[in-house]
$ cat data.txt   # compact mmCIF, N, CA and C atoms
# COMPACT_ATOMS: atom_id res chain seq x y z
N MET A 1 -14.63 -5.71 8.37
CA MET A 1 -13.89 -4.82 9.22
C MET A 1 -13.22 -3.73 8.37
N ASP A 2 -13.16 -2.56 8.92
CA ASP A 2 -12.58 -1.44 8.19
C ASP A 2 -11.31 -0.98 8.90
N PHE A 3 -10.20 -1.22 8.25
CA PHE A 3 -8.89 -0.83 8.78
C PHE A 3 -8.27 0.27 7.95
N SER A 4 -9.10 1.13 7.34
CA SER A 4 -8.59 2.15 6.43
C SER A 4 -7.54 3.05 7.07
N ASP A 5 -7.77 3.46 8.31
CA ASP A 5 -6.80 4.33 8.97
C ASP A 5 -5.48 3.61 9.23
N ALA A 6 -5.56 2.34 9.61
CA ALA A 6 -4.34 1.58 9.85
C ALA A 6 -3.55 1.41 8.56
N PHE A 7 -4.25 1.10 7.45
CA PHE A 7 -3.56 0.96 6.17
C PHE A 7 -2.96 2.29 5.73
N ARG A 8 -3.66 3.37 5.98
CA ARG A 8 -3.13 4.69 5.62
C ARG A 8 -1.83 4.97 6.37
N ILE A 9 -1.81 4.67 7.67
CA ILE A 9 -0.60 4.88 8.48
C ILE A 9 0.53 4.00 7.98
N VAL A 10 0.23 2.72 7.68
CA VAL A 10 1.26 1.81 7.18
C VAL A 10 1.81 2.31 5.84
N ASN A 11 0.92 2.73 4.94
CA ASN A 11 1.37 3.21 3.63
C ASN A 11 2.20 4.48 3.76
N LEU A 12 1.81 5.38 4.65
CA LEU A 12 2.61 6.59 4.87
C LEU A 12 3.98 6.23 5.45
N ALA A 13 4.00 5.26 6.37
CA ALA A 13 5.27 4.84 6.96
C ALA A 13 6.16 4.18 5.91
N VAL A 14 5.57 3.36 5.05
CA VAL A 14 6.37 2.72 4.00
C VAL A 14 6.93 3.77 3.04
N GLY A 15 6.11 4.77 2.67
CA GLY A 15 6.60 5.85 1.82
C GLY A 15 7.75 6.59 2.47
N ALA A 16 7.63 6.87 3.75
CA ALA A 16 8.71 7.54 4.47
C ALA A 16 9.95 6.65 4.54
N LEU A 17 9.75 5.35 4.78
CA LEU A 17 10.89 4.42 4.81
C LEU A 17 11.59 4.37 3.45
N MET A 18 10.81 4.43 2.38
CA MET A 18 11.42 4.43 1.04
C MET A 18 12.33 5.65 0.86
N ILE A 19 11.84 6.81 1.27
CA ILE A 19 12.62 8.04 1.11
C ILE A 19 13.88 8.00 1.98
N VAL A 20 13.73 7.58 3.23
CA VAL A 20 14.89 7.48 4.13
C VAL A 20 15.85 6.41 3.62
N GLY A 21 15.30 5.28 3.18
CA GLY A 21 16.15 4.21 2.66
C GLY A 21 16.93 4.65 1.43
N ALA A 22 16.32 5.47 0.59
CA ALA A 22 17.02 5.97 -0.60
C ALA A 22 18.21 6.84 -0.18
N ALA A 23 18.06 7.58 0.89
CA ALA A 23 19.17 8.41 1.37
C ALA A 23 20.32 7.52 1.87
N PHE A 24 20.00 6.44 2.56
CA PHE A 24 21.05 5.52 3.02
C PHE A 24 21.64 4.72 1.87
N HIS A 25 20.88 4.53 0.81
CA HIS A 25 21.32 3.75 -0.35
C HIS A 25 22.34 4.51 -1.19
N LEU A 26 22.35 5.81 -1.07
CA LEU A 26 23.18 6.67 -1.90
C LEU A 26 24.66 6.49 -1.56
N ASP A 27 25.47 6.10 -2.57
CA ASP A 27 26.91 6.01 -2.33
C ASP A 27 27.72 6.64 -3.47
N TRP A 28 27.14 7.54 -4.19
CA TRP A 28 27.78 8.38 -5.19
C TRP A 28 28.34 7.63 -6.40
N THR A 29 27.71 6.53 -6.76
CA THR A 29 27.97 5.92 -8.05
C THR A 29 26.74 6.20 -8.91
N ILE A 30 26.92 6.15 -10.21
CA ILE A 30 25.80 6.48 -11.11
C ILE A 30 24.61 5.56 -10.86
N SER A 31 24.84 4.26 -10.73
CA SER A 31 23.73 3.34 -10.53
C SER A 31 23.03 3.59 -9.19
N ALA A 32 23.78 3.89 -8.15
CA ALA A 32 23.17 4.17 -6.84
C ALA A 32 22.38 5.47 -6.88
N ILE A 33 22.88 6.48 -7.58
CA ILE A 33 22.16 7.75 -7.69
C ILE A 33 20.85 7.56 -8.44
N VAL A 34 20.89 6.85 -9.56
CA VAL A 34 19.67 6.62 -10.34
C VAL A 34 18.67 5.80 -9.54
N THR A 35 19.14 4.74 -8.88
CA THR A 35 18.25 3.92 -8.07
C THR A 35 17.65 4.72 -6.93
N SER A 36 18.46 5.54 -6.28
CA SER A 36 17.96 6.37 -5.17
C SER A 36 16.91 7.37 -5.64
N VAL A 37 17.13 7.96 -6.80
CA VAL A 37 16.14 8.91 -7.34
C VAL A 37 14.81 8.20 -7.60
N TYR A 38 14.88 7.02 -8.20
CA TYR A 38 13.64 6.26 -8.45
C TYR A 38 12.94 5.89 -7.13
N ILE A 39 13.71 5.46 -6.15
CA ILE A 39 13.10 5.07 -4.87
C ILE A 39 12.47 6.28 -4.19
N ILE A 40 13.11 7.44 -4.28
CA ILE A 40 12.52 8.66 -3.73
C ILE A 40 11.22 8.99 -4.44
N ILE A 41 11.19 8.87 -5.75
CA ILE A 41 9.95 9.11 -6.51
C ILE A 41 8.87 8.12 -6.09
N PHE A 42 9.24 6.84 -5.95
CA PHE A 42 8.27 5.83 -5.51
C PHE A 42 7.75 6.14 -4.11
N GLY A 43 8.64 6.58 -3.21
CA GLY A 43 8.22 6.93 -1.85
C GLY A 43 7.28 8.12 -1.83
N LEU A 44 7.62 9.16 -2.60
CA LEU A 44 6.75 10.33 -2.67
C LEU A 44 5.39 9.97 -3.26
N ALA A 45 5.40 9.13 -4.30
CA ALA A 45 4.14 8.71 -4.91
C ALA A 45 3.29 7.91 -3.93
N THR A 46 3.93 7.05 -3.15
CA THR A 46 3.20 6.26 -2.15
C THR A 46 2.55 7.16 -1.11
N VAL A 47 3.28 8.16 -0.66
CA VAL A 47 2.73 9.10 0.33
C VAL A 47 1.61 9.93 -0.29
N LEU A 48 1.83 10.46 -1.47
CA LEU A 48 0.83 11.32 -2.10
C LEU A 48 -0.46 10.57 -2.45
N LEU A 49 -0.35 9.28 -2.75
CA LEU A 49 -1.55 8.50 -3.08
C LEU A 49 -2.49 8.34 -1.88
N GLU A 50 -1.98 8.58 -0.70
CA GLU A 50 -2.84 8.51 0.49
C GLU A 50 -3.71 9.75 0.64
N PHE A 51 -3.39 10.80 -0.09
CA PHE A 51 -4.14 12.04 0.04
C PHE A 51 -4.95 12.39 -1.21
N GLN A 52 -4.41 12.06 -2.37
CA GLN A 52 -5.10 12.38 -3.61
C GLN A 52 -4.71 11.36 -4.67
N ILE A 53 -5.69 10.95 -5.47
CA ILE A 53 -5.43 9.97 -6.52
C ILE A 53 -5.64 10.63 -7.87
N PRO A 54 -4.57 10.99 -8.56
CA PRO A 54 -4.72 11.57 -9.89
C PRO A 54 -5.29 10.52 -10.86
N PRO A 55 -6.11 10.93 -11.81
CA PRO A 55 -6.71 9.97 -12.74
C PRO A 55 -5.67 9.19 -13.55
N GLN A 56 -4.52 9.81 -13.83
CA GLN A 56 -3.48 9.13 -14.59
C GLN A 56 -2.93 7.93 -13.82
N VAL A 57 -2.84 8.06 -12.51
CA VAL A 57 -2.32 6.96 -11.69
C VAL A 57 -3.32 5.81 -11.70
N ALA A 58 -4.59 6.13 -11.58
CA ALA A 58 -5.61 5.08 -11.60
C ALA A 58 -5.62 4.36 -12.94
N ARG A 59 -5.27 5.06 -13.98
CA ARG A 59 -5.28 4.45 -15.31
C ARG A 59 -4.00 3.67 -15.61
N TYR A 60 -2.83 4.25 -15.32
CA TYR A 60 -1.57 3.65 -15.71
C TYR A 60 -0.87 2.85 -14.61
N ALA A 61 -1.26 3.03 -13.38
CA ALA A 61 -0.66 2.27 -12.27
C ALA A 61 -1.74 1.66 -11.41
N SER A 62 -2.71 1.03 -12.05
CA SER A 62 -3.86 0.48 -11.32
C SER A 62 -3.46 -0.65 -10.38
N PHE A 63 -2.27 -1.22 -10.58
CA PHE A 63 -1.81 -2.27 -9.68
C PHE A 63 -1.66 -1.77 -8.24
N LEU A 64 -1.51 -0.46 -8.05
CA LEU A 64 -1.36 0.09 -6.70
C LEU A 64 -2.67 0.09 -5.92
N PHE A 65 -3.75 -0.30 -6.57
CA PHE A 65 -5.07 -0.23 -5.92
C PHE A 65 -5.60 -1.61 -5.58
N SER A 66 -4.71 -2.57 -5.40
CA SER A 66 -5.08 -3.88 -4.87
C SER A 66 -3.99 -4.30 -3.89
N PHE A 67 -4.34 -5.20 -2.99
CA PHE A 67 -3.35 -5.66 -2.02
C PHE A 67 -2.19 -6.37 -2.71
N VAL A 68 -2.50 -7.22 -3.70
CA VAL A 68 -1.43 -7.96 -4.38
C VAL A 68 -0.52 -6.99 -5.14
N GLY A 69 -1.11 -6.07 -5.88
CA GLY A 69 -0.31 -5.13 -6.65
C GLY A 69 0.58 -4.26 -5.78
N ARG A 70 0.00 -3.72 -4.73
CA ARG A 70 0.79 -2.87 -3.84
C ARG A 70 1.82 -3.70 -3.09
N GLY A 71 1.45 -4.92 -2.72
CA GLY A 71 2.39 -5.80 -2.03
C GLY A 71 3.59 -6.14 -2.89
N VAL A 72 3.35 -6.50 -4.14
CA VAL A 72 4.45 -6.82 -5.05
C VAL A 72 5.31 -5.57 -5.30
N PHE A 73 4.67 -4.41 -5.39
CA PHE A 73 5.41 -3.15 -5.54
C PHE A 73 6.31 -2.92 -4.33
N TYR A 74 5.79 -3.13 -3.12
CA TYR A 74 6.61 -2.95 -1.92
C TYR A 74 7.74 -3.98 -1.87
N ILE A 75 7.47 -5.21 -2.28
CA ILE A 75 8.53 -6.22 -2.32
C ILE A 75 9.62 -5.80 -3.30
N PHE A 76 9.21 -5.29 -4.46
CA PHE A 76 10.17 -4.82 -5.46
C PHE A 76 11.04 -3.70 -4.90
N VAL A 77 10.41 -2.68 -4.31
CA VAL A 77 11.19 -1.55 -3.77
C VAL A 77 12.06 -2.01 -2.61
N GLY A 78 11.53 -2.91 -1.78
CA GLY A 78 12.33 -3.45 -0.69
C GLY A 78 13.58 -4.16 -1.19
N SER A 79 13.43 -4.89 -2.31
CA SER A 79 14.59 -5.58 -2.86
C SER A 79 15.60 -4.59 -3.45
N LEU A 80 15.11 -3.47 -3.99
CA LEU A 80 16.02 -2.43 -4.47
C LEU A 80 16.81 -1.81 -3.32
N LEU A 81 16.18 -1.74 -2.16
CA LEU A 81 16.83 -1.10 -1.01
C LEU A 81 17.86 -2.01 -0.34
N LEU A 82 17.81 -3.30 -0.61
CA LEU A 82 18.78 -4.21 0.01
C LEU A 82 20.15 -3.98 -0.62
N ALA A 83 21.06 -3.45 0.15
CA ALA A 83 22.42 -3.17 -0.35
C ALA A 83 23.42 -3.52 0.74
N ASP A 84 24.58 -2.92 0.67
CA ASP A 84 25.66 -3.28 1.57
C ASP A 84 25.47 -2.81 3.00
N GLY A 85 24.89 -1.64 3.19
CA GLY A 85 24.80 -1.06 4.52
C GLY A 85 23.78 -1.74 5.42
N THR A 86 23.99 -1.61 6.71
CA THR A 86 23.08 -2.20 7.69
C THR A 86 21.70 -1.56 7.61
N MET A 87 21.66 -0.23 7.52
CA MET A 87 20.35 0.45 7.44
C MET A 87 19.64 0.09 6.14
N ASP A 88 20.39 -0.09 5.05
CA ASP A 88 19.78 -0.52 3.79
C ASP A 88 19.07 -1.85 3.99
N LYS A 89 19.73 -2.78 4.63
CA LYS A 89 19.14 -4.11 4.84
C LYS A 89 17.94 -4.05 5.76
N ILE A 90 18.02 -3.25 6.81
CA ILE A 90 16.89 -3.14 7.75
C ILE A 90 15.68 -2.53 7.06
N ILE A 91 15.87 -1.41 6.39
CA ILE A 91 14.76 -0.72 5.73
C ILE A 91 14.21 -1.56 4.58
N GLY A 92 15.09 -2.15 3.78
CA GLY A 92 14.64 -3.00 2.68
C GLY A 92 13.85 -4.20 3.16
N THR A 93 14.29 -4.79 4.26
CA THR A 93 13.57 -5.93 4.83
C THR A 93 12.21 -5.50 5.35
N LEU A 94 12.13 -4.37 6.05
CA LEU A 94 10.84 -3.88 6.55
C LEU A 94 9.85 -3.64 5.42
N VAL A 95 10.30 -2.96 4.38
CA VAL A 95 9.42 -2.68 3.24
C VAL A 95 8.99 -3.98 2.57
N GLY A 96 9.92 -4.91 2.40
CA GLY A 96 9.60 -6.20 1.79
C GLY A 96 8.64 -7.03 2.61
N VAL A 97 8.81 -7.04 3.93
CA VAL A 97 7.90 -7.80 4.80
C VAL A 97 6.50 -7.20 4.77
N ILE A 98 6.40 -5.89 4.75
CA ILE A 98 5.08 -5.26 4.63
C ILE A 98 4.46 -5.63 3.29
N GLY A 99 5.27 -5.70 2.24
CA GLY A 99 4.77 -6.14 0.94
C GLY A 99 4.24 -7.55 0.98
N ILE A 100 4.95 -8.45 1.64
CA ILE A 100 4.48 -9.83 1.78
C ILE A 100 3.17 -9.87 2.55
N ALA A 101 3.07 -9.05 3.61
CA ALA A 101 1.82 -9.00 4.39
C ALA A 101 0.66 -8.52 3.52
N TYR A 102 0.90 -7.54 2.65
CA TYR A 102 -0.16 -7.05 1.77
C TYR A 102 -0.61 -8.14 0.80
N VAL A 103 0.34 -8.90 0.26
CA VAL A 103 -0.03 -10.00 -0.65
C VAL A 103 -0.89 -11.01 0.09
N VAL A 104 -0.53 -11.34 1.32
CA VAL A 104 -1.31 -12.29 2.12
C VAL A 104 -2.70 -11.73 2.40
N LEU A 105 -2.81 -10.43 2.66
CA LEU A 105 -4.11 -9.82 2.96
C LEU A 105 -5.10 -9.94 1.81
N GLU A 106 -4.59 -10.07 0.59
CA GLU A 106 -5.49 -10.24 -0.56
C GLU A 106 -6.34 -11.50 -0.41
N PHE A 107 -5.83 -12.48 0.29
CA PHE A 107 -6.51 -13.77 0.41
C PHE A 107 -7.23 -13.93 1.74
N VAL A 108 -7.36 -12.85 2.50
CA VAL A 108 -8.13 -12.86 3.75
C VAL A 108 -9.45 -12.14 3.47
N PRO A 109 -10.54 -12.89 3.32
CA PRO A 109 -11.80 -12.27 2.90
C PRO A 109 -12.39 -11.28 3.90
N SER A 110 -12.05 -11.40 5.16
CA SER A 110 -12.64 -10.50 6.15
C SER A 110 -11.99 -9.12 6.17
N ILE A 111 -10.87 -8.95 5.50
CA ILE A 111 -10.17 -7.66 5.45
C ILE A 111 -10.50 -6.99 4.13
N GLU A 112 -11.14 -5.83 4.21
CA GLU A 112 -11.46 -5.06 3.01
C GLU A 112 -10.33 -4.09 2.70
N PRO A 113 -10.11 -3.82 1.41
CA PRO A 113 -9.11 -2.81 1.06
C PRO A 113 -9.53 -1.44 1.58
N PRO A 114 -8.58 -0.56 1.85
CA PRO A 114 -8.93 0.78 2.32
C PRO A 114 -9.70 1.56 1.25
N GLN A 115 -10.36 2.61 1.68
CA GLN A 115 -11.22 3.40 0.80
C GLN A 115 -10.49 3.93 -0.43
N ASN A 116 -9.28 4.42 -0.25
CA ASN A 116 -8.57 4.98 -1.40
C ASN A 116 -8.18 3.91 -2.41
N MET A 117 -8.16 2.65 -2.02
CA MET A 117 -7.91 1.57 -2.97
C MET A 117 -9.21 1.14 -3.65
N ARG A 118 -10.32 1.29 -2.97
CA ARG A 118 -11.61 0.89 -3.56
C ARG A 118 -12.11 1.93 -4.56
N GLU A 119 -11.82 3.22 -4.32
CA GLU A 119 -12.33 4.28 -5.20
C GLU A 119 -11.82 4.14 -6.62
N ALA A 120 -10.54 3.82 -6.76
CA ALA A 120 -9.94 3.80 -8.08
C ALA A 120 -10.04 2.44 -8.76
N ASP A 121 -10.49 1.43 -8.04
CA ASP A 121 -10.53 0.09 -8.59
C ASP A 121 -11.82 -0.15 -9.34
N GLY A 122 -11.69 -0.33 -10.64
CA GLY A 122 -12.86 -0.64 -11.45
C GLY A 122 -13.03 -2.12 -11.65
N GLY A 123 -12.09 -2.92 -11.18
CA GLY A 123 -12.14 -4.35 -11.37
C GLY A 123 -11.50 -4.74 -12.69
N TRP A 124 -11.41 -6.02 -12.90
CA TRP A 124 -10.80 -6.54 -14.12
C TRP A 124 -11.65 -6.21 -15.32
N GLY A 125 -11.04 -5.77 -16.37
CA GLY A 125 -11.73 -5.50 -17.62
C GLY A 125 -12.50 -4.20 -17.61
N ALA A 126 -12.27 -3.33 -16.66
CA ALA A 126 -13.03 -2.10 -16.56
C ALA A 126 -12.38 -0.95 -17.33
N GLU A 127 -11.31 -1.25 -18.04
CA GLU A 127 -10.61 -0.19 -18.76
C GLU A 127 -11.49 0.35 -19.89
N GLN A 128 -11.40 1.65 -20.09
CA GLN A 128 -12.12 2.29 -21.19
C GLN A 128 -11.19 2.37 -22.37
N VAL A 129 -11.64 1.97 -23.52
CA VAL A 129 -10.80 2.01 -24.72
C VAL A 129 -11.21 3.15 -25.60
$ encode --input "data.txt" --output "structure tokens"
Amino acid sequence: MDFSDAFRIVNLAVGALMIVGAAFHLDWTISAIVTSVYIIIFGLATVLLEFQIPPQVARYASFLFSFVGRGVFYIFVGSLLLADGTMDKIIGTLVGVIGIAYVVLEFVPSIEPPQNMREADGGWGAEQV
């Protein structure tokens, strides 16, 4: 089954949630500002990867091109978004749950990764030295 469009929509939504969550996470302390900037960068990168895959990303962030890698990345960002505010907790939980779903999808053989994840994936040991 090919769910490429559905995965694209989910990934775009997660990227948007990251950016919005970073805005709610901001509370004008140095650590919150730095964390928010990183989360905004992660959100923008997630959105941009749905449209174009730079070769550097495929080489240095190849974990984003598998369900497990992207799922763990979403769980990580979701945990960064969990803070004191109600919206922080809601958005962080949503991103984390989507991450858990992606990890589970790795073990469902009938679900194929979307096209943009297959293009950049050379498999294990495919690195050029």
$ residues_near_point --input "data.txt" --point "(21.4, 5.1, -2.7)" --cutoff "8 Å" --atoms "all atoms listed in the file" --output "list in words"
Gly21, Ala22, Ala23, Phe24, His25, Leu26, Asp27, Trp28, Thr29, Ser31, Ala32, Ile33, Val34, Thr35, Ser36, Val37 and Leu81 of chain A
$ closest_residue --input "data.txt" --among "A:Glu50, A:Pro113, A:Ile75, A:Asp84" --to "A:Val97" --atoms "all atoms listed in the file"
A:Ile75
$ atom_distance --input "data.txt" --atom1 "atom N of A:Val103" --atom2 "atom N of A:Phe76"
10.7 Å
$ closest_residue --input "data.txt" --among "A:Phe63, A:Phe3, A:Tyr74, A:Phe107" --to "A:Gly15" --atoms "only C-alpha atoms"
A:Tyr74
$ atom_distance --input "data.txt" --atom1 "atom CA of A:Pro55" --atom2 "atom C of A:Gln115"
14.2 Å
$ select_by_dssp --input "data.txt" --residues "chain A" --states "alpha helix (DSSP H)" --output "NGL selection string"
:A and (4-25 or 30-48 or 55-60 or 67-81 or 86-105 or 115-120)
$ atom_distance --input "data.txt" --atom1 "atom CA of A:Val108" --atom2 "atom N of A:Thr93"
23.8 Å
$ residues_around --input "data.txt" --residues "A:Val14" --least-positions-apart "2" --cutoff "8 Å" --atoms "all atoms listed in the file" --output "PDB file with N, CA and C atoms, keeping the file's coordinate frame"
ATOM      1  N   ARG A   8      -3.660   3.370   5.980  1.00  0.00           N
ATOM      2  CA  ARG A   8      -3.130   4.690   5.620  1.00  0.00           C
ATOM      3  C   ARG A   8      -1.830   4.970   6.370  1.00  0.00           C
ATOM      4  N   ILE A   9      -1.810   4.670   7.670  1.00  0.00           N
ATOM      5  CA  ILE A   9      -0.600   4.880   8.480  1.00  0.00           C
ATOM      6  C   ILE A   9       0.530   4.000   7.980  1.00  0.00           C
ATOM      7  N   VAL A  10       0.230   2.720   7.680  1.00  0.00           N
ATOM      8  CA  VAL A  10       1.260   1.810   7.180  1.00  0.00           C
ATOM      9  C   VAL A  10       1.810   2.310   5.840  1.00  0.00           C
ATOM     10  N   ASN A  11       0.920   2.730   4.940  1.00  0.00           N
ATOM     11  CA  ASN A  11       1.370   3.210   3.630  1.00  0.00           C
ATOM     12  C   ASN A  11       2.200   4.480   3.760  1.00  0.00           C
ATOM     13  N   LEU A  12       1.810   5.380   4.650  1.00  0.00           N
ATOM     14  CA  LEU A  12       2.610   6.590   4.870  1.00  0.00           C
ATOM     15  C   LEU A  12       3.980   6.230   5.450  1.00  0.00           C
ATOM     16  N   ALA A  16       7.630   6.870   3.750  1.00  0.00           N
ATOM     17  CA  ALA A  16       8.710   7.540   4.470  1.00  0.00           C
ATOM     18  C   ALA A  16       9.950   6.650   4.540  1.00  0.00           C
ATOM     19  N   LEU A  17       9.750   5.350   4.780  1.00  0.00           N
ATOM     20  CA  LEU A  17      10.890   4.420   4.810  1.00  0.00           C
ATOM     21  C   LEU A  17      11.590   4.370   3.450  1.00  0.00           C
ATOM     22  N   MET A  18      10.810   4.430   2.380  1.00  0.00           N
ATOM     23  CA  MET A  18      11.420   4.430   1.040  1.00  0.00           C
ATOM     24  C   MET A  18      12.330   5.650   0.860  1.00  0.00           C
ATOM     25  N   ILE A  19      11.840   6.810   1.270  1.00  0.00           N
ATOM     26  CA  ILE A  19      12.620   8.040   1.110  1.00  0.00           C
ATOM     27  C   ILE A  19      13.880   8.000   1.980  1.00  0.00           C
ATOM     28  N   VAL A  20      13.730   7.580   3.230  1.00  0.00           N
ATOM     29  CA  VAL A  20      14.890   7.480   4.130  1.00  0.00           C
ATOM     30  C   VAL A  20      15.850   6.410   3.620  1.00  0.00           C
ATOM     31  N   PHE A  42       9.240   6.840  -5.950  1.00  0.00           N
ATOM     32  CA  PHE A  42       8.270   5.830  -5.510  1.00  0.00           C
ATOM     33  C   PHE A  42       7.750   6.140  -4.110  1.00  0.00           C
ATOM     34  N   GLY A  43       8.640   6.580  -3.210  1.00  0.00           N
ATOM     35  CA  GLY A  43       8.220   6.930  -1.850  1.00  0.00           C
ATOM     36  C   GLY A  43       7.280   8.120  -1.830  1.00  0.00           C
ATOM     37  N   LEU A  44       7.620   9.160  -2.600  1.00  0.00           N
ATOM     38  CA  LEU A  44       6.750  10.330  -2.670  1.00  0.00           C
ATOM     39  C   LEU A  44       5.390   9.970  -3.260  1.00  0.00           C
ATOM     40  N   THR A  46       3.930   7.050  -3.150  1.00  0.00           N
ATOM     41  CA  THR A  46       3.200   6.260  -2.150  1.00  0.00           C
ATOM     42  C   THR A  46       2.550   7.160  -1.110  1.00  0.00           C
ATOM     43  N   VAL A  47       3.280   8.160  -0.660  1.00  0.00           N
ATOM     44  CA  VAL A  47       2.730   9.100   0.330  1.00  0.00           C
ATOM     45  C   VAL A  47       1.610   9.930  -0.290  1.00  0.00           C
ATOM     46  N   LEU A  94      12.130  -4.370   6.050  1.00  0.00           N
ATOM     47  CA  LEU A  94      10.840  -3.880   6.550  1.00  0.00           C
ATOM     48  C   LEU A  94       9.850  -3.640   5.420  1.00  0.00           C
ATOM     49  N   VAL A  95      10.300  -2.960   4.380  1.00  0.00           N
ATOM     50  CA  VAL A  95       9.420  -2.680   3.240  1.00  0.00           C
ATOM     51  C   VAL A  95       8.990  -3.980   2.570  1.00  0.00           C
TER      52      VAL A  95
END
$ residues_around --input "data.txt" --residues "A:Ser66" --least-positions-apart "3" --cutoff "8 Å" --atoms "all atoms listed in the file" --output "PDB file with N, CA and C atoms, keeping the file's coordinate frame"
ATOM      1  N   ALA A  61      -1.260   3.030 -13.380  1.00  0.00           N
ATOM      2  CA  ALA A  61      -0.660   2.270 -12.270  1.00  0.00           C
ATOM      3  C   ALA A  61      -1.740   1.660 -11.410  1.00  0.00           C
ATOM      4  N   SER A  62      -2.710   1.030 -12.050  1.00  0.00           N
ATOM      5  CA  SER A  62      -3.860   0.480 -11.320  1.00  0.00           C
ATOM      6  C   SER A  62      -3.460  -0.650 -10.380  1.00  0.00           C
ATOM      7  N   PHE A  63      -2.270  -1.220 -10.580  1.00  0.00           N
ATOM      8  CA  PHE A  63      -1.810  -2.270  -9.680  1.00  0.00           C
ATOM      9  C   PHE A  63      -1.660  -1.770  -8.240  1.00  0.00           C
ATOM     10  N   GLY A  69      -1.110  -6.070  -5.880  1.00  0.00           N
ATOM     11  CA  GLY A  69      -0.310  -5.130  -6.650  1.00  0.00           C
ATOM     12  C   GLY A  69       0.580  -4.260  -5.780  1.00  0.00           C
ATOM     13  N   ARG A  70       0.000  -3.720  -4.730  1.00  0.00           N
ATOM     14  CA  ARG A  70       0.790  -2.870  -3.840  1.00  0.00           C
ATOM     15  C   ARG A  70       1.820  -3.700  -3.090  1.00  0.00           C
ATOM     16  N   GLY A  71       1.450  -4.920  -2.720  1.00  0.00           N
ATOM     17  CA  GLY A  71       2.390  -5.800  -2.030  1.00  0.00           C
ATOM     18  C   GLY A  71       3.590  -6.140  -2.890  1.00  0.00           C
ATOM     19  N   VAL A  72       3.350  -6.500  -4.140  1.00  0.00           N
ATOM     20  CA  VAL A  72       4.450  -6.820  -5.050  1.00  0.00           C
ATOM     21  C   VAL A  72       5.310  -5.570  -5.300  1.00  0.00           C
ATOM     22  N   TYR A 102       0.900  -7.540   2.650  1.00  0.00           N
ATOM     23  CA  TYR A 102      -0.160  -7.050   1.770  1.00  0.00           C
ATOM     24  C   TYR A 102      -0.610  -8.140   0.800  1.00  0.00           C
ATOM     25  N   VAL A 103       0.340  -8.900   0.260  1.00  0.00           N
ATOM     26  CA  VAL A 103      -0.030 -10.000  -0.650  1.00  0.00           C
ATOM     27  C   VAL A 103      -0.890 -11.010   0.090  1.00  0.00           C
ATOM     28  N   GLU A 106      -4.590 -10.070   0.590  1.00  0.00           N
ATOM     29  CA  GLU A 106      -5.490 -10.240  -0.560  1.00  0.00           C
ATOM     30  C   GLU A 106      -6.340 -11.500  -0.410  1.00  0.00           C
ATOM     31  N   PRO A 113     -10.110  -3.820   1.410  1.00  0.00           N
ATOM     32  CA  PRO A 113      -9.110  -2.810   1.060  1.00  0.00           C
ATOM     33  C   PRO A 113      -9.530  -1.440   1.580  1.00  0.00           C
ATOM     34  N   ASN A 116      -9.280   4.420  -0.250  1.00  0.00           N
ATOM     35  CA  ASN A 116      -8.570   4.980  -1.400  1.00  0.00           C
ATOM     36  C   ASN A 116      -8.180   3.910  -2.410  1.00  0.00           C
ATOM     37  N   MET A 117      -8.160   2.650  -2.020  1.00  0.00           N
ATOM     38  CA  MET A 117      -7.910   1.570  -2.970  1.00  0.00           C
ATOM     39  C   MET A 117      -9.210   1.140  -3.650  1.00  0.00           C
ATOM     40  N   ARG A 118     -10.320   1.290  -2.970  1.00  0.00           N
ATOM     41  CA  ARG A 118     -11.610   0.890  -3.560  1.00  0.00           C
ATOM     42  C   ARG A 118     -12.110   1.930  -4.560  1.00  0.00           C
ATOM     43  N   ASP A 121     -10.490   1.430  -8.040  1.00  0.00           N
ATOM     44  CA  ASP A 121     -10.530   0.090  -8.590  1.00  0.00           C
ATOM     45  C   ASP A 121     -11.820  -0.150  -9.340  1.00  0.00           C
TER      46      ASP A 121
END
